[in-house]
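A.B. asks: Data: protein22.txt, compact mmCIF, C-alpha atoms and all ligand atoms.
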```
# COMPACT_ATOMS: atom_id res chain seq x y z
CA MET K 1 39.22 -124.85 31.44
CA THR K 2 37.81 -124.69 27.91
CA ASP K 3 39.05 -122.16 25.38
CA SER K 4 36.19 -119.79 26.14
CA LEU K 5 35.29 -118.20 29.45
CA PHE K 6 31.67 -117.98 28.29
CA SER K 7 31.36 -121.73 27.72
CA ASP K 8 33.02 -122.31 31.11
CA ALA K 9 30.39 -120.01 32.61
CA THR K 10 27.41 -121.70 30.95
CA GLN K 11 28.77 -125.11 31.98
CA ARG K 12 27.56 -124.33 35.51
CA LEU K 13 23.99 -124.39 34.18
CA ASP K 14 24.25 -128.01 33.13
CA THR K 15 25.34 -129.02 36.63
CA ALA K 16 22.50 -127.12 38.33
CA LEU K 17 19.93 -128.35 35.85
CA LYS K 18 19.75 -131.79 37.45
CA TYR K 19 18.36 -130.27 40.64
CA VAL K 20 15.73 -127.89 39.35
CA SER K 21 12.67 -128.35 37.22
CA ILE K 22 12.99 -125.79 34.49
CA SER K 23 11.94 -126.03 30.87
CA GLU K 24 14.50 -126.81 28.20
CA ASP K 25 13.41 -123.67 26.37
CA ALA K 26 14.36 -121.53 29.35
CA ILE K 27 17.80 -123.10 29.63
CA GLU K 28 18.38 -122.75 25.91
CA ARG K 29 17.60 -119.04 26.07
CA LEU K 30 20.00 -118.49 28.98
CA LYS K 31 22.89 -119.96 27.00
CA TYR K 32 22.87 -116.99 24.59
CA PRO K 33 23.32 -113.31 25.41
CA LYS K 34 20.32 -111.27 24.28
CA ALA K 35 22.44 -108.61 22.56
CA SER K 36 26.15 -107.81 22.26
CA LEU K 37 27.45 -104.45 21.10
CA ARG K 38 31.03 -103.79 20.06
CA VAL K 39 32.05 -100.18 19.49
CA SER K 40 35.15 -98.24 18.45
CA ILE K 41 35.76 -95.12 20.49
CA PRO K 42 37.97 -92.41 18.96
CA VAL K 43 39.79 -90.36 21.62
CA ARG K 44 41.95 -87.25 21.14
CA MET K 45 44.94 -87.83 23.42
CA ASP K 46 46.68 -85.03 25.33
CA ASN K 47 49.55 -84.93 22.82
CA GLY K 48 47.15 -84.41 19.92
CA ASP K 49 47.23 -88.00 18.60
CA LEU K 50 44.02 -89.84 17.86
CA ARG K 51 43.63 -93.28 19.47
CA ILE K 52 40.81 -95.71 18.82
CA PHE K 53 39.70 -97.89 21.74
CA GLN K 54 37.52 -101.02 21.58
CA GLY K 55 34.49 -101.07 23.87
CA TYR K 56 31.70 -103.54 24.57
CA ARG K 57 28.30 -103.73 26.22
CA VAL K 58 26.49 -107.06 26.49
CA ARG K 59 22.93 -107.54 27.72
CA HIS K 60 22.55 -111.16 28.71
CA ASP K 61 18.93 -111.57 29.82
CA ASP K 62 16.19 -109.10 30.73
CA THR K 63 13.36 -111.45 31.68
CA ARG K 64 13.36 -110.36 35.31
CA GLY K 65 13.91 -106.65 34.69
CA PRO K 66 16.20 -104.11 33.02
CA THR K 67 19.73 -105.46 32.62
CA LYS K 68 22.37 -104.40 35.13
CA GLY K 69 26.11 -104.67 35.47
CA GLY K 70 29.40 -102.84 35.69
CA VAL K 71 31.84 -101.51 33.12
CA ARG K 72 35.49 -102.51 33.46
CA TYR K 73 38.56 -100.79 32.06
CA HIS K 74 41.29 -103.39 31.70
CA PRO K 75 43.83 -104.60 29.10
CA ASN K 76 42.25 -108.11 29.06
CA VAL K 77 38.71 -106.97 28.25
CA SER K 78 37.29 -108.97 25.33
CA LEU K 79 33.85 -109.84 24.05
CA ASP K 80 34.17 -113.34 25.54
CA GLU K 81 34.97 -111.93 28.96
CA VAL K 82 32.19 -109.33 28.88
CA GLN K 83 29.64 -111.96 27.80
CA SER K 84 30.64 -114.21 30.71
CA LEU K 85 30.46 -111.37 33.20
CA ALA K 86 27.01 -110.42 31.84
CA PHE K 87 25.87 -114.03 32.26
CA TRP K 88 27.01 -114.04 35.90
CA MET K 89 25.12 -110.80 36.52
CA THR K 90 21.82 -112.42 35.42
CA PHE K 91 22.30 -115.13 38.03
CA LYS K 92 23.61 -112.79 40.71
CA CYS K 93 20.51 -110.59 40.49
CA ALA K 94 18.27 -113.67 40.63
CA VAL K 95 20.16 -115.11 43.63
CA VAL K 96 19.46 -112.05 45.78
CA GLY K 97 16.03 -111.51 44.24
CA ILE K 98 16.43 -108.02 42.84
CA PRO K 99 14.34 -107.19 39.75
CA PHE K 100 17.15 -106.93 37.22
CA GLY K 101 18.64 -109.04 34.45
CA GLY K 102 22.36 -109.22 33.68
CA ALA K 103 24.68 -107.07 31.59
CA LYS K 104 28.31 -106.02 31.52
CA GLY K 105 30.52 -103.58 29.65
CA GLY K 106 34.18 -102.93 29.17
CA ILE K 107 36.88 -101.06 27.32
CA THR K 108 40.18 -102.70 26.41
CA LEU K 109 42.93 -100.47 27.79
CA ASN K 110 45.44 -100.02 30.57
CA PRO K 111 43.75 -97.15 32.42
CA LYS K 112 46.92 -96.33 34.35
CA GLU K 113 48.49 -95.07 31.11
CA LEU K 114 45.83 -92.41 30.54
CA SER K 115 45.62 -88.95 32.04
CA ARG K 116 42.47 -87.92 33.88
CA LEU K 117 41.29 -85.83 30.93
CA GLU K 118 41.96 -88.66 28.48
CA LEU K 119 39.91 -90.98 30.69
CA GLU K 120 37.09 -88.48 30.80
CA ARG K 121 37.06 -88.12 27.00
CA LEU K 122 37.17 -91.91 26.61
CA THR K 123 34.28 -92.39 29.07
CA ARG K 124 32.13 -89.77 27.40
CA GLY K 125 32.97 -91.29 24.00
CA TYR K 126 31.91 -94.73 25.27
CA ILE K 127 28.53 -93.34 26.34
CA ASP K 128 28.11 -91.58 22.95
CA ALA K 129 28.65 -94.98 21.34
CA ILE K 130 26.29 -97.04 23.57
CA ALA K 131 23.63 -94.43 24.47
CA ASP K 132 20.91 -96.20 22.44
CA PHE K 133 21.71 -99.52 24.11
CA ILE K 134 21.29 -98.34 27.73
CA GLY K 135 18.71 -96.41 29.77
CA PRO K 136 17.07 -96.42 33.24
CA ASP K 137 14.45 -98.98 32.06
CA VAL K 138 16.70 -100.85 29.66
CA ASP K 139 20.24 -101.36 30.90
CA ILE K 140 22.03 -99.65 33.79
CA PRO K 141 25.86 -99.57 33.97
CA ALA K 142 27.85 -99.38 37.23
CA PRO K 143 31.49 -99.57 38.40
CA ASP K 144 33.65 -102.67 38.00
CA VAL K 145 37.41 -103.33 37.79
CA TYR K 146 39.32 -99.98 37.48
CA THR K 147 36.20 -97.82 37.22
CA ASN K 148 34.90 -95.68 40.07
CA PRO K 149 32.30 -93.07 41.13
CA THR K 150 34.03 -90.25 39.22
CA ILE K 151 33.76 -92.26 36.00
CA MET K 152 30.10 -93.11 36.75
CA GLY K 153 29.41 -89.39 37.22
CA TRP K 154 30.85 -88.65 33.76
CA MET K 155 28.71 -91.42 32.27
CA MET K 156 25.50 -90.13 33.83
CA ASP K 157 26.32 -86.54 32.82
CA ARG K 158 26.99 -87.51 29.21
CA TYR K 159 23.85 -89.63 28.94
CA SER K 160 21.76 -86.79 30.40
CA THR K 161 23.25 -84.38 27.86
CA ILE K 162 22.38 -86.72 24.99
CA ARG K 163 18.81 -87.23 26.25
CA ARG K 164 18.34 -83.53 27.12
CA GLN K 165 17.03 -84.71 30.49
CA LEU K 166 18.70 -85.31 33.83
CA SER K 167 18.78 -89.13 34.11
CA PRO K 168 20.42 -90.15 37.40
CA ALA K 169 18.92 -93.68 37.26
CA VAL K 170 20.83 -94.60 34.07
CA VAL K 171 24.03 -95.39 36.01
CA THR K 172 24.68 -96.49 39.59
CA GLY K 173 27.75 -96.11 41.76
CA LYS K 174 27.74 -92.34 41.15
CA PRO K 175 29.27 -89.81 43.56
CA ILE K 176 26.81 -88.98 46.38
CA ALA K 177 26.65 -85.39 45.09
CA LEU K 178 25.25 -86.64 41.77
CA GLY K 179 22.59 -88.96 43.18
CA GLY K 180 24.78 -91.82 44.39
CA SER K 181 23.64 -93.95 47.32
CA GLN K 182 25.12 -94.01 50.76
CA GLY K 183 27.04 -97.24 51.18
CA ARG K 184 27.46 -98.09 47.49
CA ASP K 185 31.26 -97.69 47.69
CA THR K 186 31.54 -100.31 50.43
CA ALA K 187 28.59 -102.48 49.32
CA THR K 188 30.42 -105.36 47.62
CA ALA K 189 32.68 -105.85 50.63
CA MET K 190 29.83 -105.32 53.08
CA GLY K 191 27.74 -108.02 51.40
CA ALA K 192 30.69 -110.43 51.51
CA PHE K 193 31.22 -109.55 55.17
CA TYR K 194 27.58 -110.35 56.05
CA SER K 195 27.91 -113.67 54.23
CA ILE K 196 31.10 -114.54 56.13
CA GLN K 197 29.56 -113.54 59.46
CA THR K 198 26.48 -115.68 58.75
CA MET K 199 28.67 -118.72 58.18
CA MET K 200 30.90 -117.97 61.18
CA SER K 201 27.92 -118.03 63.53
CA LYS K 202 26.58 -121.19 61.89
CA PHE K 203 29.89 -122.92 62.61
CA ASP K 204 30.30 -121.20 65.97
CA ARG K 205 33.67 -119.81 64.95
CA ARG K 206 35.44 -116.81 66.46
CA PRO K 207 37.18 -114.08 64.43
CA GLU K 208 40.24 -114.01 66.76
CA ASN K 209 40.98 -117.62 65.81
CA THR K 210 40.40 -117.11 62.12
CA THR K 211 43.15 -116.25 59.62
CA VAL K 212 42.39 -114.64 56.28
CA ALA K 213 44.32 -114.08 53.02
CA ILE K 214 42.98 -111.66 50.44
CA GLN K 215 44.07 -111.50 46.81
CA GLY K 216 43.40 -108.01 45.41
CA PHE K 217 43.58 -104.67 47.22
CA GLY K 218 41.20 -102.66 45.05
CA ASN K 219 37.88 -101.25 46.28
CA ALA K 220 36.33 -104.59 47.25
CA GLY K 221 39.55 -106.27 48.48
CA SER K 222 40.80 -103.43 50.65
CA THR K 223 37.35 -102.73 52.13
CA ILE K 224 36.68 -106.35 53.07
CA ALA K 225 40.19 -106.46 54.57
CA GLU K 226 39.34 -103.53 56.81
CA LEU K 227 35.88 -104.82 57.75
CA LEU K 228 37.39 -108.16 58.79
CA PHE K 229 40.29 -106.49 60.62
CA ASN K 230 37.87 -104.27 62.57
CA ALA K 231 35.77 -107.31 63.47
CA GLY K 232 38.85 -109.00 65.00
CA TYR K 233 39.91 -111.40 62.22
CA ARG K 234 43.63 -111.99 61.65
CA VAL K 235 44.24 -110.81 58.07
CA VAL K 236 47.67 -112.33 57.43
CA ALA K 237 48.15 -111.59 53.72
CA VAL K 238 46.97 -109.16 51.07
CA SER K 239 48.15 -108.51 47.53
CA ASP K 240 47.79 -106.19 44.58
CA SER K 241 48.83 -106.72 40.98
CA GLN K 242 52.50 -106.16 41.97
CA GLY K 243 52.68 -108.90 44.60
CA ALA K 244 51.65 -109.92 48.11
CA ILE K 245 52.70 -109.23 51.70
CA TYR K 246 52.42 -111.63 54.60
CA SER K 247 52.72 -111.42 58.35
CA ALA K 248 51.84 -114.45 60.50
CA ASN K 249 50.61 -112.22 63.34
CA GLY K 250 48.27 -110.31 61.10
CA LEU K 251 48.66 -107.09 59.12
CA ASP K 252 47.56 -103.67 60.34
CA ILE K 253 45.03 -103.09 57.56
CA PRO K 254 44.03 -99.45 58.33
CA SER K 255 47.72 -98.39 58.20
CA LEU K 256 48.17 -100.34 55.02
CA ARG K 257 45.23 -98.60 53.40
CA HIS K 258 46.46 -95.27 54.66
CA TYR K 259 49.94 -95.94 53.30
CA ARG K 260 48.55 -96.86 49.94
CA GLU K 261 46.38 -93.76 49.78
CA ALA K 262 49.28 -91.50 50.74
CA ASN K 263 51.75 -93.03 48.31
CA LYS K 264 49.55 -93.58 45.35
CA GLY K 265 51.40 -91.21 43.04
CA MET K 266 48.16 -90.31 41.30
CA LYS K 267 48.16 -90.85 37.61
CA ALA K 268 44.71 -90.20 36.25
CA VAL K 269 42.25 -91.38 38.91
CA TYR K 270 44.22 -94.49 39.89
CA CYS K 271 46.75 -95.19 42.56
CA GLU K 272 50.10 -96.67 41.70
CA GLY K 273 51.48 -97.30 45.19
CA SER K 274 51.95 -101.00 45.64
CA VAL K 275 51.33 -102.87 48.89
CA CYS K 276 54.79 -104.32 48.27
CA ASN K 277 56.39 -101.02 49.31
CA ILE K 278 55.41 -101.54 52.92
CA VAL K 279 58.14 -102.73 55.28
CA GLU K 280 58.10 -105.29 58.13
CA HIS K 281 56.53 -108.14 56.29
CA GLN K 282 57.43 -111.04 54.13
CA THR K 283 56.83 -110.63 50.40
CA LEU K 284 55.11 -113.34 48.43
CA THR K 285 53.88 -113.69 44.90
CA ASN K 286 50.16 -113.64 44.17
CA ALA K 287 50.39 -117.35 43.41
CA GLU K 288 51.96 -118.05 46.84
CA LEU K 289 49.24 -116.05 48.60
CA LEU K 290 46.59 -118.35 47.12
CA THR K 291 48.18 -121.45 48.62
CA LEU K 292 48.69 -120.12 52.17
CA ASP K 293 47.47 -122.26 55.05
CA VAL K 294 44.63 -119.99 56.23
CA ASP K 295 41.05 -120.46 57.39
CA ILE K 296 39.54 -118.11 54.81
CA LEU K 297 40.86 -117.27 51.35
CA ILE K 298 39.28 -114.34 49.52
CA PRO K 299 40.09 -113.97 45.82
CA ALA K 300 39.09 -110.35 45.13
CA ALA K 301 40.93 -109.68 41.86
CA LEU K 302 40.22 -111.26 38.46
CA GLU K 303 38.87 -114.43 36.82
CA ASN K 304 40.55 -117.84 36.69
CA GLN K 305 43.02 -117.47 39.56
CA ILE K 306 42.39 -120.99 40.88
CA THR K 307 42.49 -123.57 38.10
CA GLU K 308 43.33 -127.26 37.82
CA ASP K 309 47.00 -126.19 37.94
CA ASN K 310 46.91 -124.95 41.55
CA ALA K 311 43.63 -126.32 43.02
CA ASN K 312 45.49 -129.21 44.63
CA ASP K 313 47.81 -126.78 46.43
CA ILE K 314 45.07 -124.69 48.04
CA ARG K 315 45.14 -125.08 51.82
CA ALA K 316 42.37 -122.70 52.91
CA LYS K 317 39.27 -124.21 54.52
CA TRP K 318 36.75 -121.74 53.13
CA ILE K 319 36.95 -119.65 49.97
CA PHE K 320 34.72 -116.60 49.54
CA GLU K 321 34.71 -115.43 45.92
CA VAL K 322 34.64 -111.63 46.00
CA ALA K 323 35.96 -111.46 42.42
CA ASN K 324 33.79 -112.67 39.56
CA GLY K 325 34.75 -116.13 38.30
CA PRO K 326 38.08 -116.61 40.17
CA ILE K 327 37.73 -120.43 40.17
CA SER K 328 37.52 -122.48 36.97
CA PRO K 329 34.95 -125.33 36.71
CA ALA K 330 37.73 -127.96 36.76
CA ALA K 331 39.20 -126.42 39.93
CA ASP K 332 35.73 -126.43 41.51
CA GLY K 333 35.63 -130.20 41.20
CA ILE K 334 39.07 -130.63 42.76
CA LEU K 335 38.27 -128.30 45.68
CA ALA K 336 34.99 -130.13 46.34
CA GLU K 337 36.81 -133.48 46.49
CA ARG K 338 39.20 -131.94 49.00
CA ASP K 339 36.27 -130.71 51.15
CA ILE K 340 37.15 -127.05 50.70
CA LEU K 341 33.96 -125.00 50.92
CA VAL K 342 33.57 -122.47 48.10
CA PHE K 343 31.08 -119.66 48.63
CA PRO K 344 30.28 -118.55 45.08
CA ASP K 345 30.68 -115.10 43.50
CA ILE K 346 27.02 -114.80 42.53
CA LEU K 347 26.18 -114.84 46.25
CA VAL K 348 29.29 -113.37 47.91
CA ASN K 349 29.80 -110.29 45.73
CA ALA K 350 26.12 -109.53 45.11
CA GLY K 351 26.22 -106.70 47.67
CA GLY K 352 27.44 -104.28 44.98
CA VAL K 353 24.53 -104.81 42.64
CA THR K 354 22.08 -104.97 45.55
CA VAL K 355 23.01 -101.47 46.69
CA SER K 356 23.04 -100.41 43.02
CA TYR K 357 19.40 -101.49 42.98
CA PHE K 358 18.79 -99.38 46.09
CA GLU K 359 20.49 -96.43 44.35
CA TRP K 360 18.26 -96.87 41.29
CA VAL K 361 15.15 -97.00 43.52
CA GLN K 362 16.26 -93.83 45.35
CA ASN K 363 16.92 -92.02 42.04
CA ARG K 364 13.48 -92.95 40.75
CA THR K 365 11.56 -92.07 43.91
CA GLY K 366 13.63 -89.01 44.80
CA LEU K 367 13.72 -90.20 48.42
CA TYR K 368 17.24 -90.81 49.77
CA TRP K 369 18.11 -93.25 52.53
CA SER K 370 20.61 -93.10 55.38
CA LEU K 371 23.72 -95.31 55.43
CA GLU K 372 22.15 -97.31 58.23
CA GLU K 373 19.00 -97.96 56.21
CA VAL K 374 21.04 -99.06 53.17
CA ASN K 375 23.20 -101.44 55.21
CA ASP K 376 20.23 -102.85 57.13
CA ARG K 377 18.42 -103.69 53.89
CA LEU K 378 21.60 -105.15 52.39
CA LYS K 379 22.09 -107.31 55.47
CA VAL K 380 18.56 -108.70 55.29
CA LYS K 381 18.98 -109.71 51.62
CA THR K 382 22.46 -111.17 52.08
CA VAL K 383 21.73 -113.18 55.20
CA GLU K 384 18.53 -114.57 53.67
CA ALA K 385 20.31 -115.65 50.45
CA THR K 386 23.29 -117.13 52.34
CA GLU K 387 21.03 -119.13 54.70
CA ALA K 388 18.86 -120.41 51.83
CA ILE K 389 21.83 -121.48 49.70
CA TRP K 390 23.49 -123.17 52.65
CA GLN K 391 20.28 -125.06 53.42
CA THR K 392 19.77 -126.18 49.81
CA SER K 393 23.35 -127.38 49.58
CA GLN K 394 22.96 -129.37 52.80
CA GLU K 395 19.56 -130.85 51.92
CA ARG K 396 20.58 -131.96 48.45
CA SER K 397 24.27 -132.65 49.10
CA ILE K 398 25.37 -130.28 46.37
CA SER K 399 28.02 -127.58 46.25
CA LEU K 400 27.16 -124.08 47.37
CA ARG K 401 27.71 -122.90 43.80
CA THR K 402 25.23 -125.40 42.41
CA ALA K 403 22.78 -124.46 45.18
CA ALA K 404 23.12 -120.78 44.23
CA TYR K 405 22.43 -121.61 40.57
CA VAL K 406 19.43 -123.73 41.59
CA ARG K 407 17.98 -120.77 43.52
CA ALA K 408 18.60 -118.39 40.61
CA LEU K 409 17.30 -120.83 38.00
CA GLN K 410 14.06 -121.36 39.91
CA ARG K 411 13.40 -117.62 39.80
CA LEU K 412 14.52 -117.24 36.18
CA GLY K 413 12.58 -120.33 35.10
CA GLU K 414 9.34 -118.99 36.58
CA SER K 415 9.74 -115.68 34.75
CA LEU K 416 10.76 -117.28 31.46
CA ASP K 417 7.88 -119.76 31.65
CA ALA K 418 5.42 -116.99 32.39
CA LYS K 419 6.56 -115.21 29.23
CA GLY K 420 5.72 -118.30 27.21
CA THR K 421 7.77 -121.46 26.77
CA ARG K 422 6.89 -124.84 25.29
CA ASN K 423 5.71 -126.17 28.70
CA TYR K 424 3.62 -123.09 29.29
CA TYR K 425 1.73 -123.59 26.04
CA LEU K 426 1.51 -127.37 26.31
CA ASN K 427 -0.17 -126.93 29.69
CA GLY K 428 -2.88 -124.92 28.01
CA MET K 429 -1.71 -121.67 29.54
CA GLY K 430 -1.42 -120.02 26.17
CA ASN K 431 -5.07 -120.53 25.19
CA GLY K 432 -6.43 -117.55 27.03
N1 LIG K 501 30.41 -104.65 38.95
C1 LIG K 501 29.67 -105.13 40.07
C2 LIG K 501 29.40 -106.62 39.93
O1 LIG K 501 30.10 -107.32 39.24
C3 LIG K 501 28.41 -104.31 40.35
C4 LIG K 501 27.38 -104.25 39.27
C5 LIG K 501 26.28 -103.26 39.52
O2 LIG K 501 26.27 -102.62 40.56
O3 LIG K 501 25.41 -103.13 38.64
O4 LIG K 501 28.54 -107.16 40.56
```
Please re-express this file's structure in C-alpha cells.
Ligand code: GLU

C.D. replies:
Amino acid sequence: MTDSLFSDATQRLDTALKYVSISEDAIERLKYPKASLRVSIPVRMDNGDLRIFQGYRVRHDDTRGPTKGGVRYHPNVSLDEVQSLAFWMTFKCAVVGIPFGGAKGGITLNPKELSRLELERLTRGYIDAIADFIGPDVDIPAPDVYTNPTIMGWMMDRYSTIRRQLSPAVVTGKPIALGGSQGRDTATAMGAFYSIQTMMSKFDRRPENTTVAIQGFGNAGSTIAELLFNAGYRVVAVSDSQGAIYSANGLDIPSLRHYREANKGMKAVYCEGSVCNIVEHQTLTNAELLTLDVDILIPAALENQITEDNANDIRAKWIFEVANGPISPAADGILAERDILVFPDILVNAGGVTVSYFEWVQNRTGLYWSLEEVNDRLKVKTVEATEAIWQTSQERSISLRTAAYVRALQRLGESLDAKGTRNYYLNGMGNG
C-alpha cells in the first residue's frame, strides 16, 4: 500500500496498459480527477449548537457521459478517498458499458450520532453547497455507504427547490414514490449474484456444496447473503462493524435479517442492532471472518480489508468484491500467486450504478419499468461483462481485474481519442 488510496487506485492503470493500445494522452488524463469540490456545511443541531461538517464531490472523468456515483456518510471520508472512489466509478461505468463517467461524494461524520432531522438538515445543506456542481446532464449522485433512499429523496427535493423545477433525474436511488426505480435497492447485490451464478455454471459448481463468508451486513451485504441463501448456498459467516458470526452448517439469513430489522433501535435512519446479538453461533472478529476456509469470500464493507498483512492467510478459493477497493494492489499480487481468483469491484458491484442508469432513463422518458424488466436488463449487462472479462483473462493470462481494466480502457480510450488526442491529430484526423 502507498500512502495514498488514489495512487493505489491509479496504479491499476499501469498494469492494464501493457495489454491495451491506448494513447499516452488518454492515460495521462485519467490519472487526474477533472474537478474536486470541498465544501463546509453549517448545520443547526437539535440542541441549538452550530456544527460545521466537511463535504466533498469529485468528478473524475466525463468523456463517456455525465459523471455518476454515490455519496457516503462516514467518519473516514477524505478527499483522497472520494477521489479514488470517483476514479473507480469511471471504470465501473465503462466496464458495463453505460454512458456515464465517474464521480463520488462524501461527508465526514458518524451518521449514527445524528438525529433524523439533523441528517435531513445536513443533506439539504450539502446540496445547497454543491448544487452548481451537479445536474441531470452533469453529475448525478446516488446512495453509497450509510446513505439510503430517504436521503436521496431529500437531495432531489432540495435540488428541485433550488432550480425551481422538479428534477428527478438529478439523483438516483430515490424512494419509488419520488421517481425511484424498481429494483434499485437490491441492484448491487443482484448484479453480484448474476456474476457469481455465471461463474458457478462455467465451473459446473453446485450451490449446496458451496460455502460463503460475507464481510458487511449493510444493504449490499445483507441482500447478497439472502439471494445466495435462497439459491441454496451455505452462507456460514456474516459480519457487521461490531464483529462476525459463524456457523459451520450455515446461517439462517432471513431470520438474521429479520432479527436485525426488529432490534435496530432506530437512531436517525440507521439501525444499531448488531449481528453479534444473535445466539447459537460462534463469534469471530471481522479479521477472522476474512481468513475462513470457504469457497467464496465476499468483502462487502470498506476499502483495504485485504492487504499484504493478511493476504497470505486468506483461504477462500474465489473472492467477489462487493465493496469498492477491499483489496490493496500488493495483496492482489499475493492472492494471484496463490491462485485465488479475485472478481473485481468494477465488475461485481456495477449492478448498483447500472440500475441507477435505468432509473435516470426512466426519469427522463417518464416511462417506468417493472421489477422484472429491470432485473432482466441488469442480468443481460452483468452476464455479458462477466463472460467477456473471464474470456479476456483466459486468452491473455491476466488477472480478472486487469482484464476488467482492459475492457474499460478500450472504451475510454476510444472516446478520449475521438475527442482529440496526440494520436488522433497525428493520424490526420484533426484536419477536417
Ligand atoms: N455507490 C454505488 C457504487 O459505488 C452506486 C453509484 C450509483 O448508483 O451512481 O457503485

A.B. asks: Which residues are near ligand LIG 501 (chain K) - at most 7 Å, using all atoms listed in the file? Format: as a list in words.

C.D. replies: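 Counting only what the definition allows, namely all atoms listed in the file, the set is Lys68, Gly69, Gly70, Val71, Met89, Ile140, Pro141, Ala142, Pro143, Asp144, Thr172, Gly173, Asn324, Asn349, Ala350, Gly352, Val353, Thr354 and Ser356 of chain K.
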
A.B. asks: Closest to Ile130 in chain K among K:Ser40, K:Trp360, K:Gln305, K:Val235, using all atoms listed in the file?

C.D. replies: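 Closest candidate: K:Ser40.
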
A.B. asks: So how many Å separate CA of Ala408 in chain K and CA of Phe91 in chain K, to one decimal?

C.D. replies: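 Taking CA of Ala408 in chain K as the start and CA of Phe91 in chain K as the end point, the length is 5.6 Å.
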
A.B. asks: Calculated over only C-alpha atoms, which of the candidates K:Val294, K:Arg57, K:Ile253, K:Ile127 has the smallest distance to Thr210 in chain K?

C.D. replies: K:Val294

A.B. asks: By how many Å are CA of Pro326 in chain K and CA of Pro299 in chain K apart?

C.D. replies: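 Result for CA of Pro326 in chain K versus CA of Pro299 in chain K: 6.6 Å, one decimal.
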
A.B. asks: Can you work out which one of K:Ser247, K:Ile22, K:Ser222, K:Ala213 has the shortest atom-to-atom distance to Asp185 in chain K, counting all atoms listed in the file?

C.D. replies: K:Ser222

A.B. asks: Just want the 8 Å neighbourhood of Ala189 in chain K, counted on only C-alpha atoms, with same-chain residues fewer than 2 positions away dropped. Output as a PyMOL selection string.

C.D. replies: chain K and resi 186-187+191-193+220-221+223-224+227+322+349+351-352

A.B. asks: Calculate how many Å separate CA of Ser115 in chain K from CA of Gly243 in chain K, rounding to one decimal.

C.D. replies: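 We find that CA of Ser115 in chain K and CA of Gly243 in chain K lie 24.6 Å from each other.
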
A.B. asks: As a ChimeraX atom specification, please: the residues near Trp318 in chain K (cut-off 9 Å, all atoms listed in the file, same-chain neighbours under 4 positions excluded).

C.D. replies: /K:294-298,340-343

A.B. asks: Give me a file of those residues, with C-alpha atoms, as a PDB file, keeping the file's coordinate frame.

C.D. replies:
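Final output, result_29.pdb:
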```
ATOM      1  CA  VAL K 294      44.630-119.990  56.230  1.00  0.00           C
ATOM      2  CA  ASP K 295      41.050-120.460  57.390  1.00  0.00           C
ATOM      3  CA  ILE K 296      39.540-118.110  54.810  1.00  0.00           C
ATOM      4  CA  LEU K 297      40.860-117.270  51.350  1.00  0.00           C
ATOM      5  CA  ILE K 298      39.280-114.340  49.520  1.00  0.00           C
ATOM      6  CA  ILE K 340      37.150-127.050  50.700  1.00  0.00           C
ATOM      7  CA  LEU K 341      33.960-125.000  50.920  1.00  0.00           C
ATOM      8  CA  VAL K 342      33.570-122.470  48.100  1.00  0.00           C
ATOM      9  CA  PHE K 343      31.080-119.660  48.630  1.00  0.00           C
TER      10      PHE K 343
END
```

A.B. asks: From the options K:Asp204, K:Glu395, K:Asp62, K:Asp25, which residue's atoms come nearest to Pro99 in chain K, counting only C-alpha atoms?

C.D. replies: K:Asp62

A.B. asks: Any idea what's packed within 8 Å of Pro344 in chain K, counting all atoms listed in the file, ignoring anything in its chain fewer than 6 positions away? Could you give it as JSON, numbers by chain?

C.D. replies: {"K": [320, 321, 400, 401, 404]}

A.B. asks: Tell me, as a PyMOL selection string, which residues lie within 12 Å of Gly105 in chain K, counting only C-alpha atoms; anything in the same chain fewer than 5 positions away does not count.

C.D. replies: chain K and resi 35-39+54-60+67-74+77-87+89+123+126-127+130+133-134+139-145+147

A.B. asks: Leaving out Ile314 in chain K and any residue of its chain fewer than 2 positions from it, which residues lie within 8 Å of it when counting all atoms listed in the file, given as a list in words?

C.D. replies: Leu290, Thr291, Leu292, Asp293, Asn310, Ala311, Asn312 and Ala316 of chain K

A.B. asks: Quick one: of K:Pro111, K:Gly366, K:Gly97, K:Pro75, who's nearest to Leu412 in chain K, counting only C-alpha atoms?

C.D. replies: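 For Leu412 in chain K, the nearest of the candidates is K:Gly97.
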
A.B. asks: Go through K:Tyr194, K:Asp49, K:Asn304, K:Gly106 one by one, measure the shortest atom-to-atom distance of each to Asp376 in chain K using all atoms listed in the file, and give the residue with the smallest value.

C.D. replies: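 Going through K:Tyr194, K:Asp49, K:Asn304, K:Gly106 one by one, the smallest distance to Asp376 in chain K is for K:Tyr194.
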